[in-house]
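Trainee: Can you read through this structure? Questions will come right after.
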Amino acid sequence: MALKCPKVQFTVVDIDSKRIAAWNSDHLPVYEAGLDDIVRARRGINLIFSTEIDNAIYDADIILIAINTPSMEKDNRLGAAADLRGIEQCMRRIAKVARHYKIIVEKSTVPCRTGDLISNILRQNSNPGVNFDVLSNPEFLSEGSAIRDLLYPDRVIIGGLDGTEGAQDVLKSIYSRWVPDDRIITMGLWSSELAKLASNALLAQRVSSINSISAVCEAVGADINEVSRGCGLDARIGSQFLQASVGFGGACFHKDIQSLIWLSESLGLHDVAEYWDQVLKMNESQMSRFVQRVINEVEGGLKDIRIAVLGFAFKSGTGDARNTPASHICNQLLRQGASLFIYDPKVPDEQIRNNLTVELDNRKPQFHICHDAYNAIAGSQVIVILTAWDEFQAVDWSEAHSQMIQPAYIFDGHRLLDASYLKQLGFHYASVGTHSKGRI
Ligand code: UDX
């Protein structure tokens with residue numbers, strides 16, 4: 001926004017001073033291609049990172065709320081409510097500090113009707129004569145392609161209650177500077193809130209759907225890539241998000257489906273809740289099935305077997321390991337007694353360590369974090385590919401094979417590598433969505 005609206009002043013504030021310091025340093029707190037250049041171009045000009053929260057609230061005409069809303073409970077089959085305490089506190093602070101009209105924009109993904117909660121807190125706590133309009137403007141960017149998604153969004157949704165049309169126009173005028181008008185759509189506040197939850201649920205459902213078909217492919221000897229192509233060329237289905245994998249991860253899909261399940265349950269819509277719960281169950285089953293396949297196909301089991309884990313991020317292009325399938329899979333492999341040599345080009349070591357929490361009787365889980373793929377591979381017998389990083393395609397697989405304990409195995413969780421080449425080299429190669437012996 002700061003890049004595209006040079007005449008608008010943007011102040012980013014946070015209660016976490018370390019994070020703000022990082023945003024003001026040469027090492028930004030998140031890795032995202034293209035972000036460094038943009039921050040460098042606008043920082044100190046019309047993009048300020050600060051901890052002076054009250055000053056920023058006082059001065060602002062528009063406040064975008066981008067506070068995290070984690071799930072309150074884990075593994076609850078009735079879903080999980082989003083924790084809105086951060087948002088509530090923030091609203092009280094805005095109400096206390098504000099002395100003139102402001103537009104409050106929900107950017108955080110929130111349960112349907114959070115706008116009500118926000119409006120009530122603001123109304124009940126505001127200074128005399130100060131009014132607010134509350135809008136919903138959900139963010140649809142994906143990690144790894146965030147800058148492209150922001151510059152060329154499929155759509156921008158601006159939701160508001162009746163009577164907020166003026167505020168919607170103001171926000172629209174910001175986006176209009178780089179987004180074509182027909183891609184900026186306005187709608188009711190609650191539709192907008194629900195559109196965000198529903199978009200993530202539908203995307204996750206597509207991944208679970210194709211992963212469920214991948215299980216059938218592995219059993220009957222069909223090829224999931226061929227099936228995906230055969231389905232995706234139907235314009236009504238479309239080809240995106242039909243890539244079979246070890247399962248979906250990330251900060252959004254699981255949390256938002258949990259939130260949708262909770263919302264449905266609280267509305268008495270049990271069948272709806274159960275339907276979306278199945279998408280999560282399918283995802284768990286895909287991860288467990290992958291581990292089971294490694295157990296079944298490595299002769300003699302996994303006890304004391306050295307496994308190279310290539311990729312830990314929940315997807316390529318990001319250093320984010322929140323809710324990554326790699327965490328679930330690695331913990332299950334450790335439980336089998338395997339020792340893991342893990343390499344990811346972007347995930348910080350500490351994040352990998354924090355994810356490997358499995359408790360084993362009388363022994364410590366055996367894992368090592370490596371800083372290049374060859375270090376992880378040399379001396380291992382098994383390779384599992386858990387994130388589709390391009391650099392794994394560039395590995396010299398002939399050299400890798402010669403440095404491994406034989407017979408050498410590759411389990412490819414993303415259909416990243418060339419199956420026939422690897423089999424020629426002598427690898428036992430198995431990938432998600434294909435039978436180990438090839439087409440039947
Ligand atoms: C998602 C939504 O795409 C985005 O619109 C929303 O704003 C935030 O949540 P993100 O979580 O960054 O974005 O990544 P996404 O590209 O959607 O991938 C999510 C997970 O699904 C990843 O683990 C990815 O590997 C997996 N996936 C995706 C598949 O397994 N197969 C696919 O075909 C696509």
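In the structure tokens, each chain is lettered A, B, ... as it comes, each chain's residues begin at 1, and ligands are numbered from 1 in order of appearance.
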When you look at stretch 279-281 of chain A with a cut-off of 9 Å (counting only C-alpha atoms), what residues show up, excluding the ones that are within fewer than 4 positions of it in the same chain? I need them as an NGL selection string.
Mentor: :A and (201 or 204-209 or 254 or 257-258 or 275 or 285-286)
Trainee: Using only C-alpha atoms and all ligand atoms, which protein or nucleic acid residues are at most 7 Å from ligand 1, as an MDAnalysis selection string?
Mentor: chainID A and resid 139:144 200 203:204 207 240:253 314:315 324
Trainee: Can you check which parts of stretch 331-357 of chain A lie within 12 Å of stretch 17-38 of chain A? Per residue, the shortest pair of atoms and distance in Å to one decimal, counting only C-alpha atoms, sorted by chain and number, as CSV.
Mentor:
residue,atom,partner,partner_atom,distance
A:Pro345,CA,A:Tyr31,CA,11.3
A:Lys346,CA,A:Tyr31,CA,7.9
A:Val347,CA,A:Tyr31,CA,9.3
A:Pro348,CA,A:Tyr31,CA,10.6
Trainee: Counting only C-alpha atoms, which residue out of A:Asp256, A:Glu297, A:Asp412, A:Asp181 sits closest to A:Ala195?
Mentor: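 Of all the options, A:Asp256 lies closest to A:Ala195.
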Trainee: Taking only stretch 12-116 of chain A into account, list the residues labelled alpha helix (DSSP H) by DSSP (computed from the backbone), as a PyMOL selection string.
Mentor: chain A and resi 17-23+35-42+53-59+85-97+114-116
Trainee: If you take only C-alpha atoms and a cut-off of 10 Å, which residues of stretch 252-332 of chain A touch stretch 77-101 of chain A, and what are their nearest atom pairs and distances in Å to one decimal, in chain and number order, as a tab-separated table?
Mentor:
residue	atom	partner	partner_atom	distance
A:His254	CA	A:Gly79	CA	9.9
A:Lys255	CA	A:Ala80	CA	7.8
A:Asp256	CA	A:Ala82	CA	8.5
A:Ile257	CA	A:Gly79	CA	7.6
A:Gln258	CA	A:Gly79	CA	4.3
A:Ser259	CA	A:Ala80	CA	5.4
A:Leu260	CA	A:Gly79	CA	7.3
A:Ile261	CA	A:Gly79	CA	4.8
A:Trp262	CA	A:Gly79	CA	4.3
A:Leu263	CA	A:Ala81	CA	7.7
A:Ser264	CA	A:Gly79	CA	8.9
A:Glu265	CA	A:Leu78	CA	6.6
A:Ser266	CA	A:Leu78	CA	9.0
A:His270	CA	A:Leu78	CA	9.1
A:Ala273	CA	A:Leu78	CA	7.5
A:Glu274	CA	A:Leu78	CA	8.6
A:Trp276	CA	A:Gly79	CA	9.5
A:Asp277	CA	A:Arg77	CA	7.3
A:Leu280	CA	A:Arg77	CA	9.9
A:Lys281	CA	A:Arg77	CA	9.9
Trainee: Limited to N, CA, C and O atoms, could you put the picked residues into a file as a JSON list (two decimals), in the first residue's frame?
Mentor:
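In the end it all went to part_12.json:
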[["chain", "number", "residue", "atom", "x", "y", "z"],
["A", 254, "HIS", "N", -6.10, -24.77, 8.73],
["A", 254, "HIS", "CA", -6.57, -25.55, 9.87],
["A", 254, "HIS", "C", -7.37, -24.67, 10.83],
["A", 254, "HIS", "O", -8.48, -25.01, 11.24],
["A", 255, "LYS", "N", -6.81, -23.52, 11.14],
["A", 255, "LYS", "CA", -7.45, -22.60, 12.10],
["A", 255, "LYS", "C", -8.82, -22.12, 11.58],
["A", 255, "LYS", "O", -9.80, -22.08, 12.33],
["A", 256, "ASP", "N", -8.87, -21.79, 10.30],
["A", 256, "ASP", "CA", -10.12, -21.24, 9.78],
["A", 256, "ASP", "C", -11.20, -22.31, 9.67],
["A", 256, "ASP", "O", -12.39, -22.04, 9.89],
["A", 257, "ILE", "N", -10.79, -23.54, 9.36],
["A", 257, "ILE", "CA", -11.81, -24.60, 9.33],
["A", 257, "ILE", "C", -12.29, -24.89, 10.75],
["A", 257, "ILE", "O", -13.49, -25.06, 10.98],
["A", 258, "GLN", "N", -11.35, -24.88, 11.70],
["A", 258, "GLN", "CA", -11.76, -25.06, 13.10],
["A", 258, "GLN", "C", -12.78, -23.99, 13.48],
["A", 258, "GLN", "O", -13.77, -24.25, 14.16],
["A", 259, "SER", "N", -12.52, -22.78, 13.03],
["A", 259, "SER", "CA", -13.40, -21.66, 13.36],
["A", 259, "SER", "C", -14.77, -21.85, 12.69],
["A", 259, "SER", "O", -15.81, -21.58, 13.28],
["A", 260, "LEU", "N", -14.75, -22.34, 11.45],
["A", 260, "LEU", "CA", -16.01, -22.59, 10.72],
["A", 260, "LEU", "C", -16.81, -23.72, 11.39],
["A", 260, "LEU", "O", -18.04, -23.65, 11.51],
["A", 261, "ILE", "N", -16.09, -24.74, 11.85],
["A", 261, "ILE", "CA", -16.76, -25.85, 12.54],
["A", 261, "ILE", "C", -17.41, -25.33, 13.83],
["A", 261, "ILE", "O", -18.58, -25.62, 14.12],
["A", 262, "TRP", "N", -16.65, -24.53, 14.55],
["A", 262, "TRP", "CA", -17.17, -23.98, 15.81],
["A", 262, "TRP", "C", -18.40, -23.11, 15.55],
["A", 262, "TRP", "O", -19.41, -23.21, 16.24],
["A", 263, "LEU", "N", -18.31, -22.27, 14.52],
["A", 263, "LEU", "CA", -19.43, -21.39, 14.18],
["A", 263, "LEU", "C", -20.66, -22.23, 13.82],
["A", 263, "LEU", "O", -21.77, -21.98, 14.31],
["A", 264, "SER", "N", -20.46, -23.27, 13.00],
["A", 264, "SER", "CA", -21.58, -24.12, 12.58],
["A", 264, "SER", "C", -22.20, -24.81, 13.78],
["A", 264, "SER", "O", -23.43, -24.86, 13.92],
["A", 265, "GLU", "N", -21.33, -25.36, 14.65],
["A", 265, "GLU", "CA", -21.85, -26.04, 15.85],
["A", 265, "GLU", "C", -22.66, -25.04, 16.69],
["A", 265, "GLU", "O", -23.74, -25.36, 17.17],
["A", 266, "SER", "N", -22.12, -23.83, 16.86],
["A", 266, "SER", "CA", -22.81, -22.89, 17.74],
["A", 266, "SER", "C", -24.13, -22.41, 17.12],
["A", 266, "SER", "O", -25.00, -21.92, 17.83],
["A", 270, "HIS", "N", -25.12, -29.10, 12.87],
["A", 270, "HIS", "CA", -24.18, -30.18, 13.15],
["A", 270, "HIS", "C", -23.67, -30.87, 11.89],
["A", 270, "HIS", "O", -22.51, -31.23, 11.80],
["A", 273, "ALA", "N", -20.99, -28.81, 10.39],
["A", 273, "ALA", "CA", -19.75, -28.93, 11.17],
["A", 273, "ALA", "C", -19.04, -30.24, 10.83],
["A", 273, "ALA", "O", -17.82, -30.27, 10.62],
["A", 274, "GLU", "N", -19.81, -31.31, 10.76],
["A", 274, "GLU", "CA", -19.23, -32.62, 10.49],
["A", 274, "GLU", "C", -18.59, -32.67, 9.10],
["A", 274, "GLU", "O", -17.53, -33.25, 8.89],
["A", 276, "TRP", "N", -17.19, -30.21, 7.39],
["A", 276, "TRP", "CA", -15.90, -29.53, 7.35],
["A", 276, "TRP", "C", -14.87, -30.26, 8.22],
["A", 276, "TRP", "O", -13.68, -30.24, 7.92],
["A", 277, "ASP", "N", -15.34, -30.92, 9.27],
["A", 277, "ASP", "CA", -14.42, -31.69, 10.11],
["A", 277, "ASP", "C", -13.75, -32.79, 9.28],
["A", 277, "ASP", "O", -12.59, -33.14, 9.48],
["A", 280, "LEU", "N", -10.52, -31.84, 7.70],
["A", 280, "LEU", "CA", -9.36, -31.91, 8.61],
["A", 280, "LEU", "C", -8.93, -33.36, 8.83],
["A", 280, "LEU", "O", -7.75, -33.67, 8.84],
["A", 281, "LYS", "N", -9.93, -34.23, 8.99],
["A", 281, "LYS", "CA", -9.60, -35.65, 9.23],
["A", 281, "LYS", "C", -8.83, -36.22, 8.03],
["A", 281, "LYS", "O", -7.88, -36.98, 8.18]]
Trainee: Between A:Asn127, A:Ser228, A:Asn55, A:Asn46, single out the one closest to A:Cys5, counting only C-alpha atoms.
Mentor: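 Result for the nearest residue to A:Cys5: A:Asn46.
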Trainee: Do you know which residues are at most 12 Å from A:Lys7 counting only C-alpha atoms, after dropping those on the same chain fewer than 2 positions away, and could you put them as JSON, numbers by chain?
Mentor: {"A": [1, 2, 3, 4, 5, 9, 10, 42, 45, 46, 47, 174, 177]}
Trainee: One decimal, in Å: what's the spacing between atom CA of A:Ala308 and atom CA of A:Trp397?
Mentor: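 Here the two named atoms are 13.5 Å from each other.
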Trainee: Would you kindly return, as an MDAnalysis selection string, each protein, DNA or RNA residue with an atom no farther than 12 Å from any atom of A:Arg415, considering only C-alpha atoms and excluding same-chain residues fewer than 4 positions away?
Mentor: chainID A and resid 214 223:226 243:246 384:390 392:393 410:411 419 429:434
Trainee: Taking into account only C-alpha atoms, which residue in the set A:Gln381, A:Asn375, A:Asn211, A:Ser316 is nearest to A:Pro407?
Mentor: A:Gln381
Trainee: Using DSSP on the backbone coordinates, identify the residues of stretch 74-247 of chain A assigned to strand (DSSP E or B); present them as number ranges by chain.
Mentor: A: 82, 102-106, 132-136, 156-160, 184-187
Trainee: Could those selected residues go to a file with N, CA, C and O atoms, as a compact mmCIF listing (two decimals), in the first residue's frame?
Mentor:
# COMPACT_ATOMS: atom_id res chain seq x y z
N ALA A 82 -12.07 -18.68 17.73
CA ALA A 82 -10.89 -17.83 17.56
C ALA A 82 -10.73 -16.97 18.80
O ALA A 82 -11.71 -16.51 19.38
N LYS A 102 -12.95 7.89 12.86
CA LYS A 102 -12.00 6.99 12.21
C LYS A 102 -12.72 5.82 11.54
O LYS A 102 -13.78 5.40 12.00
N ILE A 103 -12.08 5.33 10.48
CA ILE A 103 -12.57 4.10 9.85
C ILE A 103 -11.73 2.95 10.38
O ILE A 103 -10.50 3.00 10.33
N ILE A 104 -12.41 1.96 10.95
CA ILE A 104 -11.70 0.80 11.52
C ILE A 104 -11.89 -0.37 10.54
O ILE A 104 -13.02 -0.72 10.20
N VAL A 105 -10.79 -0.94 10.10
CA VAL A 105 -10.85 -1.99 9.08
C VAL A 105 -10.36 -3.31 9.65
O VAL A 105 -9.21 -3.41 10.08
N GLU A 106 -11.23 -4.33 9.64
CA GLU A 106 -10.80 -5.67 10.06
C GLU A 106 -10.01 -6.29 8.93
O GLU A 106 -10.57 -6.57 7.86
N PHE A 132 -17.17 6.00 14.81
CA PHE A 132 -16.35 5.07 14.04
C PHE A 132 -17.23 4.37 13.01
O PHE A 132 -18.41 4.11 13.29
N ASP A 133 -16.67 4.05 11.85
CA ASP A 133 -17.31 3.10 10.94
C ASP A 133 -16.42 1.87 10.89
O ASP A 133 -15.19 1.99 10.78
N VAL A 134 -17.05 0.69 10.98
CA VAL A 134 -16.28 -0.56 10.98
C VAL A 134 -16.47 -1.25 9.63
O VAL A 134 -17.61 -1.47 9.19
N LEU A 135 -15.35 -1.58 8.97
CA LEU A 135 -15.40 -2.29 7.69
C LEU A 135 -14.65 -3.61 7.82
O LEU A 135 -13.78 -3.75 8.67
N SER A 136 -15.00 -4.54 6.94
CA SER A 136 -14.24 -5.79 6.85
C SER A 136 -13.54 -5.80 5.50
O SER A 136 -14.16 -5.55 4.47
N VAL A 156 -10.62 -7.63 -4.30
CA VAL A 156 -10.52 -6.98 -2.99
C VAL A 156 -11.95 -6.89 -2.49
O VAL A 156 -12.83 -6.40 -3.21
N ILE A 157 -12.21 -7.40 -1.28
CA ILE A 157 -13.57 -7.34 -0.74
C ILE A 157 -13.61 -6.27 0.35
O ILE A 157 -12.75 -6.24 1.24
N ILE A 158 -14.60 -5.41 0.23
CA ILE A 158 -14.81 -4.41 1.29
C ILE A 158 -16.25 -4.59 1.79
O ILE A 158 -17.21 -4.39 1.04
N GLY A 159 -16.38 -5.02 3.04
CA GLY A 159 -17.71 -5.26 3.61
C GLY A 159 -18.06 -4.19 4.64
O GLY A 159 -17.18 -3.69 5.35
N GLY A 160 -19.34 -3.84 4.68
CA GLY A 160 -19.75 -2.86 5.68
C GLY A 160 -21.26 -2.94 5.90
O GLY A 160 -22.00 -3.45 5.05
N ILE A 184 -12.69 -4.68 -7.27
CA ILE A 184 -12.95 -4.24 -5.89
C ILE A 184 -14.45 -4.36 -5.67
O ILE A 184 -15.24 -3.65 -6.30
N ILE A 185 -14.85 -5.28 -4.82
CA ILE A 185 -16.29 -5.48 -4.64
C ILE A 185 -16.71 -5.14 -3.22
O ILE A 185 -15.98 -5.39 -2.27
N THR A 186 -17.89 -4.55 -3.12
CA THR A 186 -18.40 -4.22 -1.79
C THR A 186 -19.56 -5.16 -1.47
O THR A 186 -20.25 -5.65 -2.38
N MET A 187 -19.75 -5.42 -0.19
CA MET A 187 -20.83 -6.33 0.24
C MET A 187 -21.13 -6.07 1.72
O MET A 187 -20.49 -5.21 2.34
Trainee: Would you mind reading off the distance between atom CA of A:Ile305 and atom CA of A:Gly319, one decimal, in Å?
Mentor: 27.3 Å
Trainee: Considering only C-alpha atoms, state which residue in the set A:Leu267, A:Ala338, A:Leu333, A:Val130 is at the smallest distance from A:Tyr58.
Mentor: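 Among the listed residues, A:Val130 lies closest to A:Tyr58.
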Trainee: Rank A:Glu165, A:Asp149, A:Glu399, A:Glu391 by their smallest atom-to-atom distance to A:Leu422, using only C-alpha atoms, and report the top residue only.
Mentor: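 Among the listed residues, the smallest separation from A:Leu422 belongs to A:Glu399.
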